[in-house]
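Asker: Got a structure for you, coords28.pdb, holding PDB, C-alpha atoms.
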MODEL        1
ATOM      1  CA  MET I   1     169.360 177.896 163.089
ATOM      2  CA  GLY I   2     167.416 176.518 160.143
ATOM      3  CA  VAL I   3     167.303 178.723 157.082
ATOM      4  CA  LEU I   4     170.007 181.051 158.350
ATOM      5  CA  GLN I   5     172.459 178.140 158.157
ATOM      6  CA  GLU I   6     171.566 177.402 154.542
ATOM      7  CA  HIS I   7     173.125 178.953 151.457
ATOM      8  CA  PHE I   8     172.562 179.544 147.792
ATOM      9  CA  THR I   9     175.569 178.905 145.567
ATOM     10  CA  LEU I  10     176.323 181.662 143.069
ATOM     11  CA  ASP I  11     177.388 180.625 139.583
ATOM     12  CA  ASN I  12     181.055 181.226 140.470
ATOM     13  CA  GLY I  13     180.842 178.856 143.460
ATOM     14  CA  VAL I  14     180.596 181.526 146.188
ATOM     15  CA  LEU I  15     178.177 180.598 148.969
ATOM     16  CA  ILE I  16     175.662 183.289 149.989
ATOM     17  CA  PRO I  17     173.438 182.922 153.098
ATOM     18  CA  LYS I  18     169.799 182.406 152.110
ATOM     19  CA  VAL I  19     168.467 185.329 154.170
ATOM     20  CA  GLY I  20     170.117 188.739 154.344
ATOM     21  CA  PHE I  21     169.667 191.584 156.815
ATOM     22  CA  GLY I  22     168.716 194.779 154.977
ATOM     23  CA  THR I  23     169.769 198.245 156.137
ATOM     24  CA  TRP I  24     167.870 200.541 153.764
ATOM     25  CA  GLN I  25     166.523 203.609 155.631
ATOM     26  CA  THR I  26     168.649 202.727 158.670
ATOM     27  CA  PRO I  27     170.553 205.872 159.743
ATOM     28  CA  ASP I  28     174.319 205.602 160.106
ATOM     29  CA  ASP I  29     174.162 206.140 163.866
ATOM     30  CA  VAL I  30     171.499 203.438 164.266
ATOM     31  CA  ALA I  31     173.130 200.904 161.940
ATOM     32  CA  PRO I  32     175.837 199.666 164.361
ATOM     33  CA  GLN I  33     173.326 198.431 166.940
ATOM     34  CA  ALA I  34     170.927 197.024 164.339
ATOM     35  CA  VAL I  35     173.716 195.088 162.607
ATOM     36  CA  LEU I  36     175.156 193.921 165.929
ATOM     37  CA  THR I  37     171.735 192.625 166.979
ATOM     38  CA  ALA I  38     171.233 190.897 163.633
ATOM     39  CA  LEU I  39     174.569 189.120 163.838
ATOM     40  CA  ARG I  40     173.968 188.076 167.436
ATOM     41  CA  VAL I  41     170.619 186.449 166.600
ATOM     42  CA  GLY I  42     172.039 184.474 163.707
ATOM     43  CA  TYR I  43     172.228 186.536 160.527
ATOM     44  CA  THR I  44     175.470 186.121 158.611
ATOM     45  CA  HIS I  45     174.574 188.270 155.593
ATOM     46  CA  ILE I  46     174.366 192.080 155.734
ATOM     47  CA  ASP I  47     173.177 194.259 152.833
ATOM     48  CA  THR I  48     174.073 197.946 152.530
ATOM     49  CA  ALA I  49     174.763 200.534 149.793
ATOM     50  CA  ARG I  50     176.566 203.813 149.247
ATOM     51  CA  ALA I  51     173.150 205.435 148.768
ATOM     52  CA  TYR I  52     172.021 204.349 152.241
ATOM     53  CA  GLN I  53     174.762 206.534 153.756
ATOM     54  CA  ASN I  54     175.321 203.973 156.494
ATOM     55  CA  GLU I  55     178.295 201.897 155.318
ATOM     56  CA  ALA I  56     180.446 203.234 158.171
ATOM     57  CA  GLY I  57     177.783 202.273 160.713
ATOM     58  CA  VAL I  58     177.362 198.843 159.166
ATOM     59  CA  GLY I  59     181.105 198.270 159.393
ATOM     60  CA  LYS I  60     181.094 199.331 163.041
ATOM     61  CA  GLY I  61     178.301 196.880 163.819
ATOM     62  CA  ILE I  62     180.160 194.005 162.189
ATOM     63  CA  ARG I  63     183.336 194.791 164.117
ATOM     64  CA  ALA I  64     181.390 195.158 167.369
ATOM     65  CA  ALA I  65     180.001 191.654 166.909
ATOM     66  CA  GLY I  66     183.530 190.270 167.007
ATOM     67  CA  ALA I  67     182.932 188.167 163.912
ATOM     68  CA  THR I  68     185.774 187.429 161.561
ATOM     69  CA  ARG I  69     185.507 188.904 158.086
ATOM     70  CA  GLU I  70     184.936 185.422 156.651
ATOM     71  CA  GLU I  71     181.937 184.839 158.923
ATOM     72  CA  VAL I  72     179.855 187.724 157.523
ATOM     73  CA  PHE I  73     178.719 188.063 153.910
ATOM     74  CA  VAL I  74     178.619 191.780 153.029
ATOM     75  CA  THR I  75     176.922 193.385 150.025
ATOM     76  CA  THR I  76     177.170 196.994 148.910
ATOM     77  CA  LYS I  77     176.220 198.912 145.777
ATOM     78  CA  VAL I  78     177.456 201.602 143.395
ATOM     79  CA  PRO I  79     174.870 204.438 143.455
ATOM     80  CA  ALA I  80     172.301 204.569 140.664
ATOM     81  CA  GLN I  81     173.307 208.045 139.523
ATOM     82  CA  MET I  82     176.963 207.110 138.997
ATOM     83  CA  LYS I  83     177.127 206.156 135.333
ATOM     84  CA  THR I  84     180.786 206.445 134.356
ATOM     85  CA  TYR I  85     183.690 204.059 134.834
ATOM     86  CA  ALA I  86     185.599 206.659 136.860
ATOM     87  CA  GLU I  87     182.658 207.351 139.192
ATOM     88  CA  ALA I  88     182.092 203.648 139.763
ATOM     89  CA  LYS I  89     185.763 203.014 140.470
ATOM     90  CA  GLU I  90     185.824 205.845 143.010
ATOM     91  CA  SER I  91     182.596 204.631 144.594
ATOM     92  CA  ILE I  92     183.983 201.153 145.141
ATOM     93  CA  GLU I  93     187.056 202.566 146.883
ATOM     94  CA  THR I  94     184.891 204.840 149.033
ATOM     95  CA  SER I  95     182.638 201.952 150.052
ATOM     96  CA  LEU I  96     185.591 199.816 151.104
ATOM     97  CA  ALA I  97     187.016 202.726 153.088
ATOM     98  CA  GLN I  98     183.692 203.424 154.804
ATOM     99  CA  LEU I  99     183.214 199.757 155.675
ATOM    100  CA  GLN I 100     186.886 199.480 156.683
ATOM    101  CA  MET I 101     187.225 196.354 154.580
ATOM    102  CA  SER I 102     189.576 195.326 151.797
ATOM    103  CA  GLN I 103     186.897 193.206 150.135
ATOM    104  CA  VAL I 104     183.103 192.913 149.911
ATOM    105  CA  ASP I 105     181.371 189.664 149.112
ATOM    106  CA  LEU I 106     178.880 191.050 146.603
ATOM    107  CA  LEU I 107     179.075 194.338 144.708
ATOM    108  CA  LEU I 108     176.063 195.568 142.733
ATOM    109  CA  ILE I 109     175.055 198.394 140.405
ATOM    110  CA  HIS I 110     172.177 199.850 142.422
ATOM    111  CA  ALA I 111     169.900 200.609 139.457
ATOM    112  CA  PRO I 112     170.140 200.823 135.661
ATOM    113  CA  ARG I 113     169.121 204.490 135.641
ATOM    114  CA  PRO I 114     169.362 207.364 138.138
ATOM    115  CA  TRP I 115     166.464 207.076 140.574
ATOM    116  CA  GLN I 116     164.704 210.208 139.350
ATOM    117  CA  GLU I 117     164.530 208.622 135.880
ATOM    118  CA  MET I 118     163.718 205.031 136.848
ATOM    119  CA  PHE I 119     159.999 205.309 136.194
ATOM    120  CA  THR I 120     159.935 208.204 133.730
ATOM    121  CA  PRO I 121     158.478 207.220 130.343
ATOM    122  CA  GLY I 122     160.953 207.810 127.540
ATOM    123  CA  ALA I 123     163.929 208.319 129.858
ATOM    124  CA  PRO I 124     167.353 207.286 128.523
ATOM    125  CA  ARG I 125     168.255 203.627 129.110
ATOM    126  CA  TYR I 126     171.970 204.173 129.874
ATOM    127  CA  PHE I 127     173.064 200.975 128.109
ATOM    128  CA  ASP I 128     176.521 202.312 127.232
ATOM    129  CA  GLU I 129     176.956 203.873 130.656
ATOM    130  CA  ASN I 130     176.004 200.673 132.485
ATOM    131  CA  ALA I 131     178.501 198.717 130.406
ATOM    132  CA  ALA I 132     181.198 201.203 131.465
ATOM    133  CA  VAL I 133     180.214 200.939 135.138
ATOM    134  CA  TRP I 134     180.200 197.151 134.832
ATOM    135  CA  LYS I 135     183.833 197.254 133.683
ATOM    136  CA  ALA I 136     184.732 198.840 137.034
ATOM    137  CA  LEU I 137     182.882 196.037 138.831
ATOM    138  CA  GLU I 138     184.655 193.428 136.708
ATOM    139  CA  GLU I 139     187.992 194.925 137.705
ATOM    140  CA  ALA I 140     187.013 194.847 141.383
ATOM    141  CA  TYR I 141     186.087 191.188 140.969
ATOM    142  CA  GLN I 142     189.270 190.297 139.134
ATOM    143  CA  ASP I 143     191.551 191.998 141.655
ATOM    144  CA  GLY I 144     189.784 190.534 144.692
ATOM    145  CA  ARG I 145     187.974 193.567 146.056
ATOM    146  CA  ALA I 146     184.667 191.796 145.403
ATOM    147  CA  ARG I 147     184.044 188.051 145.581
ATOM    148  CA  ALA I 148     180.984 188.380 143.327
ATOM    149  CA  ILE I 149     179.334 191.094 141.236
ATOM    150  CA  GLY I 150     175.789 191.735 140.115
ATOM    151  CA  VAL I 151     173.043 194.260 139.542
ATOM    152  CA  SER I 152     169.926 195.601 141.218
ATOM    153  CA  ASN I 153     166.595 196.724 139.772
ATOM    154  CA  PHE I 154     167.727 195.577 136.300
ATOM    155  CA  GLN I 155     165.109 194.329 133.871
ATOM    156  CA  ILE I 156     165.771 191.672 131.215
ATOM    157  CA  ASP I 157     167.040 194.032 128.531
ATOM    158  CA  ASP I 158     169.281 195.799 131.058
ATOM    159  CA  ILE I 159     170.849 192.442 131.935
ATOM    160  CA  GLU I 160     171.181 191.391 128.307
ATOM    161  CA  ASN I 161     173.007 194.652 127.622
ATOM    162  CA  ILE I 162     175.636 193.594 130.167
ATOM    163  CA  THR I 163     175.910 189.960 129.120
ATOM    164  CA  SER I 164     176.167 190.797 125.412
ATOM    165  CA  ARG I 165     179.125 193.153 125.699
ATOM    166  CA  CYS I 166     181.022 192.348 128.888
ATOM    167  CA  ASP I 167     183.289 189.513 130.027
ATOM    168  CA  ILE I 168     181.560 188.460 133.251
ATOM    169  CA  ALA I 169     177.825 187.886 133.594
ATOM    170  CA  PRO I 170     175.971 189.264 136.624
ATOM    171  CA  LEU I 171     175.701 186.709 139.417
ATOM    172  CA  ALA I 172     172.710 188.328 141.147
ATOM    173  CA  ASP I 173     169.868 190.761 140.517
ATOM    174  CA  GLN I 174     168.404 192.394 143.620
ATOM    175  CA  ILE I 175     164.810 193.411 142.872
ATOM    176  CA  ARG I 176     161.592 194.373 144.610
ATOM    177  CA  PHE I 177     159.865 191.061 145.151
ATOM    178  CA  HIS I 178     157.056 190.218 147.542
ATOM    179  CA  ILE I 179     153.619 188.656 147.692
ATOM    180  CA  GLY I 180     151.505 190.534 145.160
ATOM    181  CA  HIS I 181     154.559 191.757 143.209
ATOM    182  CA  THR I 182     156.591 188.794 141.999
ATOM    183  CA  GLN I 183     157.972 189.972 138.612
ATOM    184  CA  GLU I 184     157.582 186.420 137.320
ATOM    185  CA  GLU I 185     159.035 186.908 133.833
ATOM    186  CA  LEU I 186     162.160 188.600 135.193
ATOM    187  CA  VAL I 187     162.603 185.980 137.938
ATOM    188  CA  GLU I 188     162.218 183.118 135.453
ATOM    189  CA  PHE I 189     164.745 184.746 133.114
ATOM    190  CA  CYS I 190     167.277 185.219 135.926
ATOM    191  CA  GLN I 191     166.874 181.718 137.308
ATOM    192  CA  ALA I 192     167.225 180.202 133.821
ATOM    193  CA  SER I 193     170.375 182.307 133.318
ATOM    194  CA  GLY I 194     172.095 181.332 136.550
ATOM    195  CA  ILE I 195     171.430 184.723 138.151
ATOM    196  CA  LEU I 196     170.326 184.642 141.792
ATOM    197  CA  VAL I 197     167.304 186.833 142.521
ATOM    198  CA  GLU I 198     167.516 188.744 145.800
ATOM    199  CA  ALA I 199     164.149 189.957 147.116
ATOM    200  CA  TYR I 200     164.188 193.359 148.760
ATOM    201  CA  SER I 201     161.075 194.673 150.519
ATOM    202  CA  PRO I 202     159.752 191.121 151.114
ATOM    203  CA  ILE I 203     157.033 192.590 153.372
ATOM    204  CA  ALA I 204     156.310 195.445 150.907
ATOM    205  CA  THR I 205     157.715 197.979 153.407
ATOM    206  CA  GLY I 206     155.012 196.909 155.857
ATOM    207  CA  LYS I 207     152.037 197.077 153.515
ATOM    208  CA  LEU I 208     151.464 193.322 153.699
ATOM    209  CA  LEU I 209     151.233 193.239 157.486
ATOM    210  CA  ASP I 210     147.514 194.008 157.437
ATOM    211  CA  ASP I 211     146.602 191.681 154.565
ATOM    212  CA  PRO I 212     143.805 189.376 155.796
ATOM    213  CA  SER I 213     144.632 186.552 153.359
ATOM    214  CA  ILE I 214     148.216 186.357 154.580
ATOM    215  CA  ALA I 215     147.002 186.593 158.181
ATOM    216  CA  VAL I 216     144.897 183.448 157.649
ATOM    217  CA  VAL I 217     147.938 181.504 156.456
ATOM    218  CA  ALA I 218     150.077 182.881 159.275
ATOM    219  CA  SER I 219     147.486 181.881 161.874
ATOM    220  CA  ARG I 220     147.294 178.368 160.475
ATOM    221  CA  LEU I 221     151.081 178.034 160.663
ATOM    222  CA  GLY I 222     151.456 179.721 164.046
ATOM    223  CA  LYS I 223     153.752 182.322 162.500
ATOM    224  CA  SER I 224     153.674 186.078 162.011
ATOM    225  CA  VAL I 225     152.617 187.681 158.724
ATOM    226  CA  ALA I 226     156.179 188.943 158.274
ATOM    227  CA  GLN I 227     157.591 185.445 158.711
ATOM    228  CA  VAL I 228     155.170 184.092 156.102
ATOM    229  CA  CYS I 229     156.173 186.824 153.647
ATOM    230  CA  ILE I 230     159.872 186.076 154.102
ATOM    231  CA  ARG I 231     159.319 182.314 153.832
ATOM    232  CA  TYR I 232     157.238 182.830 150.678
ATOM    233  CA  ALA I 233     160.190 184.577 149.022
ATOM    234  CA  LEU I 234     162.476 181.708 149.985
ATOM    235  CA  GLN I 235     160.135 179.086 148.599
ATOM    236  CA  LYS I 236     160.075 181.010 145.324
ATOM    237  CA  GLY I 237     163.823 180.467 145.099
ATOM    238  CA  THR I 238     164.722 184.055 145.915
ATOM    239  CA  LEU I 239     166.869 185.474 148.695
ATOM    240  CA  PRO I 240     164.827 187.753 150.990
ATOM    241  CA  LEU I 241     166.328 190.862 152.605
ATOM    242  CA  PRO I 242     164.087 191.829 155.538
ATOM    243  CA  LYS I 243     165.054 194.912 157.521
ATOM    244  CA  SER I 244     164.210 196.311 160.931
ATOM    245  CA  VAL I 245     165.842 198.301 163.715
ATOM    246  CA  HIS I 246     163.695 196.693 166.433
ATOM    247  CA  GLU I 247     165.206 193.705 168.223
ATOM    248  CA  GLN I 248     161.896 191.825 168.446
ATOM    249  CA  PHE I 249     161.357 191.965 164.686
ATOM    250  CA  ILE I 250     165.006 191.283 163.852
ATOM    251  CA  ILE I 251     164.744 188.064 165.867
ATOM    252  CA  GLU I 252     161.320 187.151 164.471
ATOM    253  CA  ASP I 253     162.383 187.697 160.865
ATOM    254  CA  ALA I 254     165.315 185.314 161.356
ATOM    255  CA  HIS I 255     163.090 182.371 162.333
ATOM    256  CA  VAL I 256     161.777 181.240 158.973
ATOM    257  CA  ASP I 257     162.780 177.568 158.975
ATOM    258  CA  PHE I 258     159.294 176.215 158.305
ATOM    259  CA  GLU I 259     157.339 175.184 155.208
ATOM    260  CA  ILE I 260     154.312 176.804 153.579
ATOM    261  CA  SER I 261     152.113 174.109 152.006
ATOM    262  CA  PRO I 262     151.446 174.065 148.239
ATOM    263  CA  ASP I 263     147.815 175.040 148.869
ATOM    264  CA  ASP I 264     148.822 178.002 151.000
ATOM    265  CA  MET I 265     151.479 179.027 148.466
ATOM    266  CA  ALA I 266     148.768 178.994 145.797
ATOM    267  CA  ALA I 267     146.559 181.179 147.980
ATOM    268  CA  LEU I 268     149.431 183.627 148.447
ATOM    269  CA  ASP I 269     150.129 183.563 144.712
ATOM    270  CA  SER I 270     146.558 184.717 144.089
ATOM    271  CA  ILE I 271     147.216 188.021 145.881
ATOM    272  CA  GLN I 272     147.874 190.540 143.142
ATOM    273  CA  ASP I 273     148.978 194.108 142.518
ATOM    274  CA  VAL I 274     150.339 195.043 145.927
ATOM    275  CA  ASP I 275     152.345 198.249 145.562
ATOM    276  CA  ASP I 276     154.807 199.258 148.259
TER     277      ASP I 276
ENDMDL
END
Show me the file's structure as structure tokens.

Answerer:
Amino acid sequence: MGVLQEHFTLDNGVLIPKVGFGTWQTPDDVAPQAVLTALRVGYTHIDTARAYQNEAGVGKGIRAAGATREEVFVTTKVPAQMKTYAEAKESIETSLAQLQMSQVDLLLIHAPRPWQEMFTPGAPRYFDENAAVWKALEEAYQDGRARAIGVSNFQIDDIENITSRCDIAPLADQIRFHIGHTQEELVEFCQASGILVEAYSPIATGKLLDDPSIAVVASRLGKSVAQVCIRYALQKGTLPLPKSVHEQFIIEDAHVDFEISPDDMAALDSIQDVDD
């Protein structure tokens, strides 16, 4: 109940559940049970990617839950290293086949550069290549294989490259966002541009669990540190994507229908430079 029954509305009118269940680092043989558990406790939004190598397992979990296709919002992504139109087109078809679906709800470019070049000074920016990949996503959107399209890990100039030369603007940007790493300029740009920010690693891959300042807020609210981290992302207007393979934490992470006070939000804002 609560937050899991609420939605953001993408700029094209598509409703997207406000909390998604992430499956990064979830092996394909573990994904069916994790996804099944998530759907049973109330998630209706599942996030995967070709690069996770678990799309088949995610699809199995959704089918095992007995949910109709319309009841589950599914996101997948074209791998970061695929930087041609032909590669992207093939990747989309492979993802749909692995998921055993004719349509995904949100289709993203996983990153603007291949992962090994993402943080290399002076690496190519792949502006032309990303525009070509985006054309494949636009086609998937126009022919109904994706209800919405967007990007992931794109910075402002990467997004402007797409919007300046393509027909359809990205509807979402999935980025690393958590307490201590809020990418404020990028988030403000996206929100002013009608681009939904999705927050992956909302608990900084576990690094925030031992933060004493967050623990104080959690204790005051009677919540776990993880719940506070997820709620923080929501109150910043972003869509958090917590992930776990443990039933206890899957359930806990779903119960975030509470409010963090302005004073406590300010205290959490003061936490800086947390690197996951």

Asker: Extract, using all atoms listed in the file, all DNA, RNA and protein residues at most 7 Å from segment 187-204 of chain I, discarding same-chain residues fewer than 4 positions from it, and format them as number ranges by chain.

Answerer: I: 10-11, 170-178, 183, 208, 226, 229-230, 233, 238-242, 276

Asker: The PyMOL selection byres ((chain I and resi 6) around 12) on the file shown: which residues, as a list in words?

Answerer: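 Applied to this file, the PyMOL selection byres ((chain I and resi 6) around 12) selects Met1, Gly2, Val3, Leu4, Gln5, His7, Phe8, Thr9, Leu15, Ile16, Pro17, Lys18, Val19, Gly20, Gly42, Tyr43, Thr44, His45, Leu234, Leu239, Val256 and Asp257 of chain I.
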
Asker: Report, in Å with one decimal, the straight-line distance from atom CA of Pro262 of chain I to atom CA of Asp211 of chain I.

Answerer: 19.3 Å

Asker: Name all residues at most 9 Å from Ala267 of chain I (count all atoms listed in the file; drop same-chain ones fewer than 5 positions away) and give them as a PyMOL selection string.

Answerer: chain I and resi 213-214+217+262

Asker: Taking the file as shown, find all residues satisfying the PyMOL selection byres ((chain I and resi 140-154) around 8) and write them as number ranges by chain.

Answerer: I: 12, 14, 92, 102-112, 136-139, 155-159, 169-176

Asker: To box segment 31-37 of chain I, take all atoms listed in the file, fit an axis-aligned box, add 3 Å on each side, and give centre and edge lengths in Å to one decimal, as AutoDock Vina command-line options.

Answerer:
--center_x 173.4 --center_y 196.8 --center_z 164.5 --size_x 10.9 --size_y 14.3 --size_z 11.0

Asker: Env of segment 84-87 of chain I: 6 Å cut, atoms = only C-alpha atoms, seq-sep filter 5 positions within chain, self excluded. Answer as a list in words.

Answerer: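 Here the answer would be Glu129, Ala132, Val133 and Ala136 of chain I.
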
Asker: For each of I:Val225, I:Asp253, I:Trp24, I:Tyr52, take the minimum atom-to-atom distance to Leu209 of chain I, counting all atoms listed in the file, then give the residue where this is smallest.

Answerer: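 The shortest atom-to-atom distance to Leu209 of chain I comes from I:Val225.
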
Asker: Name the residues that the PyMOL selection byres ((chain I and resi 48) around 6) picks from the file above, as JSON, numbers by chain, using the file's chain letters and numbers.

Answerer: {"I": [23, 47, 49, 75, 76]}

Asker: Which residues come within 10 Å of Lys60 of chain I, counting all atoms listed in the file, excluding same-chain residues fewer than 2 positions away, as number ranges by chain?

Answerer: I: 28-29, 31-33, 35-36, 54-58, 62-65, 98-100

Asker: Take the residues from that selection and write them out as an mmCIF file, in the frame of the given file, keeping C-alpha atoms.

Answerer:
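This is the output file again-v6.cif:
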data_model
loop_
_atom_site.group_PDB
_atom_site.id
_atom_site.type_symbol
_atom_site.label_atom_id
_atom_site.label_comp_id
_atom_site.auth_asym_id
_atom_site.auth_seq_id
_atom_site.Cartn_x
_atom_site.Cartn_y
_atom_site.Cartn_z
ATOM 1 C CA ASP I 28 174.319 205.602 160.106
ATOM 2 C CA ASP I 29 174.162 206.140 163.866
ATOM 3 C CA ALA I 31 173.130 200.904 161.940
ATOM 4 C CA PRO I 32 175.837 199.666 164.361
ATOM 5 C CA GLN I 33 173.326 198.431 166.940
ATOM 6 C CA VAL I 35 173.716 195.088 162.607
ATOM 7 C CA LEU I 36 175.156 193.921 165.929
ATOM 8 C CA ASN I 54 175.321 203.973 156.494
ATOM 9 C CA GLU I 55 178.295 201.897 155.318
ATOM 10 C CA ALA I 56 180.446 203.234 158.171
ATOM 11 C CA GLY I 57 177.783 202.273 160.713
ATOM 12 C CA VAL I 58 177.362 198.843 159.166
ATOM 13 C CA ILE I 62 180.160 194.005 162.189
ATOM 14 C CA ARG I 63 183.336 194.791 164.117
ATOM 15 C CA ALA I 64 181.390 195.158 167.369
ATOM 16 C CA ALA I 65 180.001 191.654 166.909
ATOM 17 C CA GLN I 98 183.692 203.424 154.804
ATOM 18 C CA LEU I 99 183.214 199.757 155.675
ATOM 19 C CA GLN I 100 186.886 199.480 156.683
#

Asker: Looking at all atoms listed in the file, which of I:Leu268, I:Leu96, I:Val245, I:Ala254 is the one that sits closest to Thr26 of chain I?

Answerer: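 Closest to Thr26 of chain I of all the choices is I:Val245.
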
Asker: With distances taken over all atoms listed in the file, which residue among I:Ser224, I:Gln116, I:Thr182, I:Thr163 lies nearest Asp269 of chain I?

Answerer: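 Smallest separation from Asp269 of chain I among the options: I:Thr182.
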
Asker: Identify which of the residues I:Val41, I:Ala80, I:Ala51, I:Leu221 lies closest to Glu117 of chain I, counting only C-alpha atoms when measuring atom-to-atom distances.

Answerer: I:Ala80

Asker: Quick one: distance from atom CA of Ile46 of chain I to atom CA of Ala215 of chain I in Å, one decimal?

Answerer: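 Between atom CA of Ile46 of chain I and atom CA of Ala215 of chain I the gap is 28.0 Å.
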